[in-house]
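**Q** My file is protein.txt. It has compact mmCIF, C-alpha atoms:
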# COMPACT_ATOMS: atom_id res chain seq x y z
CA MET A 28 -21.23 -43.24 -71.13
CA SER A 29 -19.09 -42.69 -68.03
CA THR A 30 -19.61 -44.63 -64.82
CA THR A 31 -21.81 -43.39 -62.00
CA GLN A 32 -18.77 -42.53 -59.90
CA GLU A 33 -17.23 -40.50 -62.73
CA LEU A 34 -20.51 -38.65 -63.26
CA GLU A 35 -20.81 -37.88 -59.55
CA ARG A 36 -17.38 -36.26 -59.61
CA THR A 37 -18.59 -33.77 -62.23
CA ILE A 38 -21.15 -32.25 -59.84
CA GLY A 39 -20.17 -28.60 -59.40
CA GLN A 40 -18.03 -28.64 -62.55
CA ASP A 41 -18.62 -27.01 -65.94
CA VAL A 42 -20.96 -28.62 -68.48
CA TYR A 43 -20.22 -28.43 -72.22
CA ASP A 44 -22.57 -29.14 -75.12
CA VAL A 45 -21.93 -31.46 -78.06
CA GLU A 46 -19.87 -28.76 -79.84
CA GLY A 47 -17.75 -27.93 -76.80
CA HIS A 48 -19.55 -24.71 -75.81
CA LYS A 49 -19.89 -24.10 -72.08
CA VAL A 50 -23.52 -24.36 -70.95
CA GLY A 51 -23.42 -24.01 -67.18
CA THR A 52 -22.62 -25.98 -64.01
CA ALA A 53 -23.68 -29.53 -63.13
CA SER A 54 -26.01 -29.48 -60.12
CA HIS A 55 -27.80 -32.82 -59.51
CA LEU A 56 -27.95 -36.31 -61.00
CA TYR A 57 -31.31 -38.05 -61.52
CA ALA A 58 -31.33 -41.85 -61.57
CA SER A 59 -33.90 -44.24 -62.95
CA ASP A 60 -36.21 -45.85 -60.39
CA VAL A 61 -35.98 -49.06 -62.39
CA SER A 62 -32.26 -49.45 -63.16
CA GLY A 63 -30.81 -47.09 -60.57
CA ALA A 64 -28.41 -45.68 -63.19
CA PRO A 65 -28.14 -41.89 -63.72
CA GLU A 66 -30.21 -40.74 -66.71
CA TRP A 67 -30.45 -36.94 -66.28
CA VAL A 68 -28.34 -34.11 -64.91
CA THR A 69 -29.60 -30.68 -63.94
CA VAL A 70 -27.46 -27.83 -65.27
CA ARG A 71 -27.43 -24.35 -63.79
CA THR A 72 -27.60 -21.87 -66.65
CA GLY A 73 -28.23 -18.17 -67.05
CA LEU A 74 -26.13 -15.13 -66.15
CA PHE A 75 -26.29 -15.83 -62.41
CA GLY A 76 -26.87 -19.59 -62.60
CA ASN A 77 -30.43 -19.17 -61.33
CA LYS A 78 -32.02 -21.49 -63.90
CA GLU A 79 -31.72 -25.27 -63.89
CA SER A 80 -32.31 -27.31 -67.03
CA PHE A 81 -32.60 -31.09 -67.29
CA VAL A 82 -30.10 -32.62 -69.74
CA PRO A 83 -30.02 -36.31 -70.77
CA LEU A 84 -26.90 -38.29 -69.93
CA THR A 85 -27.17 -40.34 -73.11
CA GLY A 86 -23.74 -40.14 -74.72
CA ALA A 87 -22.38 -37.94 -71.90
CA ARG A 88 -18.80 -38.38 -70.72
CA ALA A 89 -16.85 -37.07 -67.75
CA GLU A 90 -13.61 -35.31 -68.69
CA GLN A 91 -10.93 -33.46 -66.74
CA ASP A 92 -12.50 -30.08 -67.54
CA GLY A 93 -16.06 -31.16 -66.65
CA LEU A 94 -19.06 -32.97 -68.12
CA HIS A 95 -19.58 -33.18 -71.90
CA VAL A 96 -23.17 -33.94 -72.96
CA GLY A 97 -24.66 -34.89 -76.31
CA ALA A 98 -27.16 -32.01 -76.67
CA HIS A 99 -26.76 -28.56 -78.20
CA LYS A 100 -26.57 -25.46 -76.01
CA ASP A 101 -29.71 -23.86 -77.49
CA VAL A 102 -31.73 -27.05 -76.99
CA ILE A 103 -30.61 -27.24 -73.36
CA LYS A 104 -31.55 -23.64 -72.59
CA ASP A 105 -34.99 -24.14 -74.21
CA ALA A 106 -35.70 -27.28 -72.17
CA PRO A 107 -39.06 -27.39 -70.31
CA ARG A 108 -38.99 -25.66 -66.93
CA ILE A 109 -39.25 -28.42 -64.35
CA ASP A 110 -38.63 -27.83 -60.66
CA ASP A 111 -35.63 -29.63 -59.21
CA ASN A 112 -37.60 -31.18 -56.36
CA GLY A 113 -35.72 -34.47 -56.11
CA HIS A 114 -38.00 -36.59 -58.33
CA LEU A 115 -39.25 -36.66 -61.91
CA SER A 116 -42.79 -37.78 -62.52
CA GLU A 117 -43.72 -39.95 -65.50
CA ALA A 118 -45.33 -36.95 -67.22
CA GLU A 119 -42.27 -34.74 -66.65
CA ALA A 120 -39.94 -37.43 -67.96
CA ALA A 121 -42.11 -37.89 -71.07
CA GLU A 122 -42.02 -34.13 -71.71
CA LEU A 123 -38.22 -34.13 -71.52
CA TYR A 124 -37.98 -37.13 -73.85
CA ARG A 125 -40.10 -35.29 -76.43
CA HIS A 126 -38.02 -32.11 -76.13
CA TYR A 127 -34.72 -33.94 -76.69
CA ASN A 128 -36.26 -36.23 -79.34
CA LEU A 129 -35.30 -39.32 -77.36
CA GLN A 130 -36.93 -42.74 -77.35
CA ALA A 131 -38.40 -43.46 -73.94
CA GLY A 132 -37.40 -46.77 -72.37
CA THR A 133 -39.57 -49.18 -70.45
CA PRO A 134 -42.52 -47.73 -68.49
CA ARG A 135 -41.42 -46.38 -65.14
CA GLN A 136 -42.88 -44.84 -62.05
CA GLY A 137 -40.61 -41.83 -62.32
CA MET A 138 -36.95 -41.07 -61.64
CA ALA A 139 -35.38 -40.26 -58.31
CA GLY A 140 -32.97 -37.39 -57.99
CA GLN A 141 -29.53 -37.73 -56.47
CA GLY A 142 -28.80 -34.85 -54.15
CA THR A 143 -25.55 -33.23 -53.10
CA ASN A 144 -24.38 -36.44 -51.44
CA GLY A 145 -24.87 -38.43 -54.64
CA GLN A 146 -27.44 -40.80 -53.07
CA GLY A 147 -30.82 -41.23 -54.73
CA THR A 148 -34.10 -41.27 -52.89
CA ALA A 149 -35.76 -44.63 -52.32
CA GLY A 150 -38.61 -44.51 -54.80
CA GLN A 151 -40.96 -41.58 -54.41
CA LYS A 152 -41.34 -41.85 -50.65
CA GLY A 153 -37.67 -42.11 -49.68
CA MET A 154 -38.37 -44.58 -46.86
CA ALA A 155 -35.55 -45.45 -44.46
CA GLY A 156 -36.60 -49.13 -44.34
CA GLN A 157 -38.08 -51.32 -47.05
CA GLU A 158 -39.65 -54.75 -47.08
CA THR A 159 -38.80 -56.74 -50.17
CA GLY A 160 -39.69 -60.40 -50.68
CA GLY A 161 -40.06 -61.09 -46.97
CA GLN A 162 -36.57 -59.65 -46.20
CA GLU A 163 -35.81 -56.65 -44.04
CA SER A 164 -33.30 -54.08 -45.32
CA MET A 165 -32.14 -50.64 -44.31
CA VAL A 166 -30.74 -47.78 -46.38
CA ARG A 167 -27.45 -46.33 -45.12
CA SER A 168 -26.76 -42.71 -46.03
CA GLU A 169 -23.76 -40.46 -45.70
CA GLU A 170 -22.82 -36.90 -46.47
CA ARG A 171 -20.28 -36.08 -49.12
CA LEU A 172 -18.58 -32.80 -49.91
CA ARG A 173 -19.53 -31.17 -53.18
CA ALA A 174 -17.51 -28.08 -54.01
CA GLY A 175 -18.40 -25.56 -56.68
CA THR A 176 -17.17 -22.17 -57.74
CA GLU A 177 -18.61 -18.69 -57.94
CA THR A 178 -17.29 -15.65 -59.75
CA VAL A 179 -16.73 -12.57 -57.59
CA GLU A 180 -15.22 -9.19 -58.38
CA THR A 181 -11.70 -8.86 -56.95
CA GLY A 182 -10.75 -5.46 -58.32
CA ARG A 183 -10.67 -3.22 -61.33
CA VAL A 184 -7.88 -2.00 -63.60
CA ARG A 185 -8.44 1.28 -65.41
CA LEU A 186 -6.51 2.92 -68.25
CA GLN A 187 -6.05 6.68 -67.89
CA LYS A 188 -4.21 9.03 -70.22
CA HIS A 189 -2.86 12.40 -69.08
CA VAL A 190 -0.40 14.93 -70.50
CA VAL A 191 3.05 15.65 -69.02
CA THR A 192 5.58 18.23 -70.20
CA GLU A 193 9.26 17.52 -70.55
CA GLU A 194 12.22 19.20 -72.25
CA GLN A 195 13.90 17.75 -75.30
CA GLN A 196 17.14 18.96 -76.83
CA ILE A 197 18.22 18.35 -80.39
CA THR A 198 21.26 19.61 -82.34
CA VAL A 199 20.61 21.56 -85.55
CA PRO A 200 23.53 22.41 -87.89
CA VAL A 201 23.44 26.12 -88.95
CA SER A 202 25.73 28.35 -91.04
CA HIS A 203 26.39 32.09 -91.34
CA GLU A 204 28.41 34.37 -93.60
CA GLU A 205 31.42 36.41 -92.48
CA VAL A 206 33.38 39.16 -94.31
CA ARG A 207 37.04 38.75 -95.05
CA VAL A 208 39.09 41.54 -96.62
CA VAL A 209 41.03 40.43 -99.67
CA ARG A 210 43.80 42.64 -101.03
CA GLU A 211 45.60 42.05 -104.32
CA PRO A 212 47.92 44.36 -106.38
CA VAL A 213 46.71 45.97 -109.60
CA GLU A 214 49.15 45.69 -112.47
CA GLY A 215 49.47 46.79 -116.11
CA SER A 216 46.96 48.99 -117.88
CA ARG A 217 44.45 48.64 -115.05
CA ALA A 218 46.83 50.49 -112.77
CA MET A 219 46.76 53.60 -115.06
CA SER A 220 42.93 53.90 -115.11
CA GLY A 221 42.46 54.46 -111.43
CA GLU A 222 40.85 57.71 -110.30
CA ILE A 223 41.11 59.43 -106.99
CA GLY A 224 37.73 59.80 -105.28
CA GLU A 225 35.31 58.37 -102.77
CA GLU A 226 33.51 55.09 -103.40
CA GLU A 227 31.38 52.69 -101.38
CA ARG A 228 30.52 48.98 -101.71
CA GLU A 229 28.12 46.93 -99.61
CA VAL A 230 27.93 43.17 -99.02
CA VAL A 231 24.80 41.54 -97.52
CA LEU A 232 25.57 38.87 -94.92
CA HIS A 233 23.30 35.87 -94.21
CA GLU A 234 23.02 33.29 -91.46
CA GLU A 235 20.82 30.29 -90.64
CA ARG A 236 18.79 30.18 -87.45
CA PRO A 237 17.11 27.14 -85.86
CA VAL A 238 13.35 26.95 -86.34
CA VAL A 239 11.35 24.72 -83.94
CA ALA A 240 8.07 23.09 -84.99
CA LYS A 241 5.95 20.46 -83.21
CA GLU A 242 4.05 17.50 -84.62
CA THR A 243 1.93 14.81 -82.94
CA VAL A 244 2.72 11.23 -83.85
CA ALA A 245 1.31 7.93 -82.51
CA VAL A 246 4.00 5.85 -80.81
CA GLU A 247 2.20 2.84 -79.28
CA ARG A 248 -1.20 1.35 -78.46
CA VAL A 249 -1.91 0.30 -74.87
CA GLY A 250 -4.83 -2.00 -74.03
CA LEU A 251 -6.14 -4.29 -71.29
CA GLU A 252 -7.08 -7.92 -71.64
CA THR A 253 -7.93 -10.60 -69.10
CA GLU A 254 -6.83 -14.20 -68.97
CA THR A 255 -8.09 -17.02 -66.78
CA VAL A 256 -5.51 -18.77 -64.62
CA ARG A 257 -6.54 -22.18 -63.33
CA GLU A 258 -5.40 -23.29 -59.91
CA GLU A 259 -6.50 -25.76 -57.25
CA GLN A 260 -7.56 -24.86 -53.73
CA GLN A 261 -8.29 -27.23 -50.88
CA VAL A 262 -11.65 -26.95 -49.11
CA THR A 263 -12.32 -28.70 -45.82
CA ASP A 264 -15.56 -29.36 -43.99
CA THR A 265 -17.08 -31.98 -41.72
CA VAL A 266 -19.47 -34.65 -43.00
CA ARG A 267 -21.70 -37.15 -41.26
CA LYS A 268 -22.41 -40.74 -42.17
CA GLU A 269 -24.56 -43.48 -40.81
CA GLN A 270 -23.19 -46.77 -39.55
CA ILE A 271 -25.28 -49.92 -39.26
CA GLU A 272 -24.57 -52.38 -36.48
CA VAL A 273 -26.03 -55.87 -36.30
CA GLU A 274 -27.32 -56.92 -32.90
CA ASP A 275 -28.18 -60.62 -32.61
CA THR A 276 -30.41 -61.38 -29.60
CA THR A 277 -31.00 -65.03 -30.49
CA LYS A 278 -29.61 -67.72 -28.22
CA LYS A 279 -28.48 -71.17 -29.12
CA ARG A 280 -30.89 -73.87 -28.00
CA LYS A 281 -29.73 -77.15 -26.43
CA HIS A 282 -31.02 -80.36 -28.02
Would you mind writing the file out in structure tokens?
**A**
Amino acid sequence: MSTTQELERTIGQDVYDVEGHKVGTASHLYASDVSGAPEWVTVRTGLFGNKESFVPLTGARAEQDGLHVGAHKDVIKDAPRIDDNGHLSEAEAAELYRHYNLQAGTPRQGMAGQGTNGQGTAGQKGMAGQETGGQESMVRSEERLRAGTETVETGRVRLQKHVVTEEQQITVPVSHEEVRVVREPVEGSRAMSGEIGEEEREVVLHEERPVVAKETVAVERVGLETETVREEQQVTDTVRKEQIEVEDTTKKRKH
């Protein structure tokens, strides 16, 4: 499994199931009260990301494109509905273990959630100061930027088809008949059989004329498709952090 720092960097990034299908967006890490290591991640699912499901980090790994977990997408979406209130009770953890068919570890008092700054609460009470073994300690907190993404509509592209009229000119070869007078002398016996009288002959002339017809043919198919272009944008904001100063009021005693 990836380190805690690598897992924290996936907050706000895409989450993929064991088969590589996108499930949603990583929201919060939940760490064990006993070991302090992250054991669960909440994933925003649904059409508008308004549902958060707990997913075990067993076998999970942080990649460049986001967080890859070891559960199937359908199992994640059918996970028990548990409010993301910053802490998992023992009963809620047991219910999640049963759903994901996982073997529960050592008995625990619950698991603390890591918020947007990646820092877990101190037990269930989240006390600023703790007393452990006669020693005084103080928890230092700081804010960290966690950037996510949202999908917004930037415009629409519409296909419209309308009819325009234009002139086309094509060349069609045509032919026609013409009359030419041919004269030739009559000789021999044929010349003696001629008779004087009126006579008429007629020749029918023909010509070709262009005939225009129209037909509709498909010339191309025009469609629209979208593609996702990945780019990086810088986001800037101010964060606060606590600093701890040590003030020693003791004085050296003279012997």
**Q** Atom CA of A:Asn128 and atom CA of A:Arg71 are how many Å apart?
**A**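 Result for atom CA of A:Asn128 versus atom CA of A:Arg71: 21.5 Å, one decimal.
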**Q** Find the residues near A:Val199: any atom within 10 Å, counting all atoms listed in the file, skip ones fewer than 6 places away on the same chain, and give them as a list in words.
**A**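 Close residues of A:Val199: Arg236, Pro237, Val238 and Val239 of chain A.
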**Q** Of the residues A:Gln195, A:Trp67, A:Glu35, A:Thr265, which is the one nearest to A:Lys241, using all atoms listed in the file?
**A**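 Checking each of A:Gln195, A:Trp67, A:Glu35, A:Thr265 against A:Lys241, counting all atoms listed in the file, the winner is A:Gln195.
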**Q** Measure the distance from atom CA of A:Arg125 to atom CA of A:Ala87 in Å and round it to one decimal.
**A**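 According to the coordinates, atom CA of A:Arg125 and atom CA of A:Ala87 are separated by 18.5 Å.
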**Q** How would you write as an MDAnalysis selection string the residues that get within 12 Å of (-17.1, -40.1, -66.3) in the file's frame, counting only C-alpha atoms?
**A** chainID A and resid 28:38 65 84 86:96
**Q** Closest to A:Arg171 among A:Ser116, A:Glu205, A:Arg267, A:Val213, using all atoms listed in the file?
**A**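 For A:Arg171, the nearest of the candidates is A:Arg267.
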**Q** Write out as a list of chain:residue names the residues lying within 12 Å of A:His48, counting all atoms listed in the file and excluding same-chain residues fewer than 2 positions away.
**A** A:Asp41, A:Val42, A:Tyr43, A:Asp44, A:Val45, A:Glu46, A:Val50, A:Gly51, A:Gly93, A:Leu94, A:His95, A:Val96, A:Gly97, A:Ala98, A:His99, A:Lys100, A:Asp101, A:Ile103
**Q** With distances taken over all atoms listed in the file, which residue among A:Glu169, A:Glu227, A:Glu66, A:Glu194 lies nearest A:Leu115?
**A**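 Smallest distance to A:Leu115 is found for A:Glu66.
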**Q** What does the structure give for the distance between atom CA of A:Thr263 and atom CA of A:Gln40, in Å to one decimal?
**A** 17.7 Å
**Q** List every protein, DNA or RNA residue that has at least one atom no more than 12 Å from (-40.9, -27.4, -70.6) in the file's coordinates, counting all atoms listed in the file, and write the result as JSON, numbers by chain.
**A** {"A": [79, 80, 81, 102, 103, 104, 105, 106, 107, 108, 109, 110, 118, 119, 120, 121, 122, 123, 124, 125, 126, 127]}
**Q** Kindly save the residues from that selection, with C-alpha atoms included, as a compact mmCIF listing (two decimals), in the coordinates of the input.
**A**
# COMPACT_ATOMS: atom_id res chain seq x y z
CA GLU A 79 -31.72 -25.27 -63.89
CA SER A 80 -32.31 -27.31 -67.03
CA PHE A 81 -32.60 -31.09 -67.29
CA VAL A 102 -31.73 -27.05 -76.99
CA ILE A 103 -30.61 -27.24 -73.36
CA LYS A 104 -31.55 -23.64 -72.59
CA ASP A 105 -34.99 -24.14 -74.21
CA ALA A 106 -35.70 -27.28 -72.17
CA PRO A 107 -39.06 -27.39 -70.31
CA ARG A 108 -38.99 -25.66 -66.93
CA ILE A 109 -39.25 -28.42 -64.35
CA ASP A 110 -38.63 -27.83 -60.66
CA ALA A 118 -45.33 -36.95 -67.22
CA GLU A 119 -42.27 -34.74 -66.65
CA ALA A 120 -39.94 -37.43 -67.96
CA ALA A 121 -42.11 -37.89 -71.07
CA GLU A 122 -42.02 -34.13 -71.71
CA LEU A 123 -38.22 -34.13 -71.52
CA TYR A 124 -37.98 -37.13 -73.85
CA ARG A 125 -40.10 -35.29 -76.43
CA HIS A 126 -38.02 -32.11 -76.13
CA TYR A 127 -34.72 -33.94 -76.69
**Q** Just need the box for stretch 238-246 of chain A, edges along x, y and z, holding every atom the file lists for it with 8 Å tacked onto each side, so centre and edge lengths in Å to one decimal, as lines of an AutoDock Vina configuration file.
**A**
center_x = 7.3
center_y = 16.4
center_z = -83.6
size_x = 28.0
size_y = 37.1
size_z = 21.5
**Q** Using all atoms listed in the file, which residues sit within 9 Å of A:Arg167 once same-chain residues fewer than 5 positions away are excluded, as a list in words?
**A**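 In the requested form, the answer reads Ala155, Lys268, Glu269, Gln270 and Ile271 of chain A.
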**Q** Can I get stretch 242-278 of chain A with N, CA and C atoms filled in, as a CSV table (one decimal), in the frame of the given file?
**A**
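Listing of selection_18.csv after writing:
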chain,number,residue,atom,x,y,z
A,242,GLU,N,5.0,18.4,-84.0
A,242,GLU,CA,4.0,17.5,-84.6
A,242,GLU,C,3.7,16.4,-83.7
A,243,THR,N,2.4,15.9,-83.8
A,243,THR,CA,1.9,14.8,-82.9
A,243,THR,C,1.9,13.5,-83.7
A,244,VAL,N,2.6,12.5,-83.2
A,244,VAL,CA,2.7,11.2,-83.8
A,244,VAL,C,2.3,10.2,-82.9
A,245,ALA,N,1.7,9.1,-83.3
A,245,ALA,CA,1.3,7.9,-82.5
A,245,ALA,C,2.5,7.0,-82.3
A,246,VAL,N,2.8,6.6,-81.1
A,246,VAL,CA,4.0,5.8,-80.8
A,246,VAL,C,3.7,4.4,-80.4
A,247,GLU,N,2.6,4.2,-79.7
A,247,GLU,CA,2.2,2.8,-79.3
A,247,GLU,C,0.7,2.8,-78.9
A,248,ARG,N,0.2,1.6,-78.9
A,248,ARG,CA,-1.2,1.4,-78.5
A,248,ARG,C,-1.2,0.5,-77.2
A,249,VAL,N,-1.9,1.0,-76.2
A,249,VAL,CA,-1.9,0.3,-74.9
A,249,VAL,C,-3.3,-0.2,-74.6
A,250,GLY,N,-3.5,-1.4,-74.3
A,250,GLY,CA,-4.8,-2.0,-74.0
A,250,GLY,C,-4.8,-2.9,-72.8
A,251,LEU,N,-6.0,-3.4,-72.4
A,251,LEU,CA,-6.1,-4.3,-71.3
A,251,LEU,C,-6.9,-5.5,-71.8
A,252,GLU,N,-6.4,-6.7,-71.4
A,252,GLU,CA,-7.1,-7.9,-71.6
A,252,GLU,C,-6.9,-8.8,-70.4
A,253,THR,N,-7.9,-9.7,-70.2
A,253,THR,CA,-7.9,-10.6,-69.1
A,253,THR,C,-7.7,-12.0,-69.6
A,254,GLU,N,-7.0,-12.8,-68.7
A,254,GLU,CA,-6.8,-14.2,-69.0
A,254,GLU,C,-7.2,-15.0,-67.7
A,255,THR,N,-7.7,-16.2,-67.9
A,255,THR,CA,-8.1,-17.0,-66.8
A,255,THR,C,-7.0,-18.0,-66.4
A,256,VAL,N,-6.6,-17.9,-65.1
A,256,VAL,CA,-5.5,-18.8,-64.6
A,256,VAL,C,-6.1,-19.8,-63.7
A,257,ARG,N,-6.0,-21.1,-64.1
A,257,ARG,CA,-6.5,-22.2,-63.3
A,257,ARG,C,-5.6,-22.6,-62.2
A,258,GLU,N,-6.2,-22.8,-61.0
A,258,GLU,CA,-5.4,-23.3,-59.9
A,258,GLU,C,-6.3,-24.1,-59.0
A,259,GLU,N,-5.7,-24.9,-58.1
A,259,GLU,CA,-6.5,-25.8,-57.2
A,259,GLU,C,-6.4,-25.2,-55.8
A,260,GLN,N,-7.5,-25.2,-55.1
A,260,GLN,CA,-7.6,-24.9,-53.7
A,260,GLN,C,-8.2,-26.0,-52.9
A,261,GLN,N,-7.7,-26.2,-51.7
A,261,GLN,CA,-8.3,-27.2,-50.9
A,261,GLN,C,-9.4,-26.6,-50.0
A,262,VAL,N,-10.6,-27.3,-50.0
A,262,VAL,CA,-11.6,-27.0,-49.1
A,262,VAL,C,-11.9,-28.1,-48.1
A,263,THR,N,-12.2,-27.7,-46.9
A,263,THR,CA,-12.3,-28.7,-45.8
A,263,THR,C,-13.6,-28.4,-45.1
A,264,ASP,N,-14.3,-29.5,-44.8
A,264,ASP,CA,-15.6,-29.4,-44.0
A,264,ASP,C,-15.8,-30.7,-43.3
A,265,THR,N,-16.7,-30.7,-42.4
A,265,THR,CA,-17.1,-32.0,-41.7
A,265,THR,C,-18.3,-32.6,-42.4
A,266,VAL,N,-18.3,-33.9,-42.4
A,266,VAL,CA,-19.5,-34.6,-43.0
A,266,VAL,C,-19.9,-35.7,-42.0
A,267,ARG,N,-21.2,-36.1,-42.1
A,267,ARG,CA,-21.7,-37.2,-41.3
A,267,ARG,C,-22.0,-38.4,-42.1
A,268,LYS,N,-22.0,-39.5,-41.5
A,268,LYS,CA,-22.4,-40.7,-42.2
A,268,LYS,C,-23.0,-41.7,-41.2
A,269,GLU,N,-23.9,-42.5,-41.7
A,269,GLU,CA,-24.6,-43.5,-40.8
A,269,GLU,C,-23.8,-44.8,-40.8
A,270,GLN,N,-23.8,-45.4,-39.7
A,270,GLN,CA,-23.2,-46.8,-39.6
A,270,GLN,C,-24.3,-47.7,-39.1
A,271,ILE,N,-24.3,-48.9,-39.6
A,271,ILE,CA,-25.3,-49.9,-39.3
A,271,ILE,C,-24.6,-51.0,-38.5
A,272,GLU,N,-25.1,-51.3,-37.3
A,272,GLU,CA,-24.6,-52.4,-36.5
A,272,GLU,C,-25.6,-53.5,-36.4
A,273,VAL,N,-25.2,-54.7,-36.4
A,273,VAL,CA,-26.0,-55.9,-36.3
A,273,VAL,C,-26.0,-56.4,-34.9
A,274,GLU,N,-27.2,-56.4,-34.3
A,274,GLU,CA,-27.3,-56.9,-32.9
A,274,GLU,C,-28.1,-58.2,-32.9
A,275,ASP,N,-27.5,-59.3,-32.6
A,275,ASP,CA,-28.2,-60.6,-32.6
A,275,ASP,C,-28.6,-61.0,-31.2
A,276,THR,N,-29.9,-61.1,-30.9
A,276,THR,CA,-30.4,-61.4,-29.6
A,276,THR,C,-30.8,-62.8,-29.5
A,277,THR,N,-30.6,-63.6,-30.5
A,277,THR,CA,-31.0,-65.0,-30.5
A,277,THR,C,-30.0,-65.8,-29.6
A,278,LYS,N,-30.5,-66.9,-29.0
A,278,LYS,CA,-29.6,-67.7,-28.2
A,278,LYS,C,-29.7,-69.2,-28.8
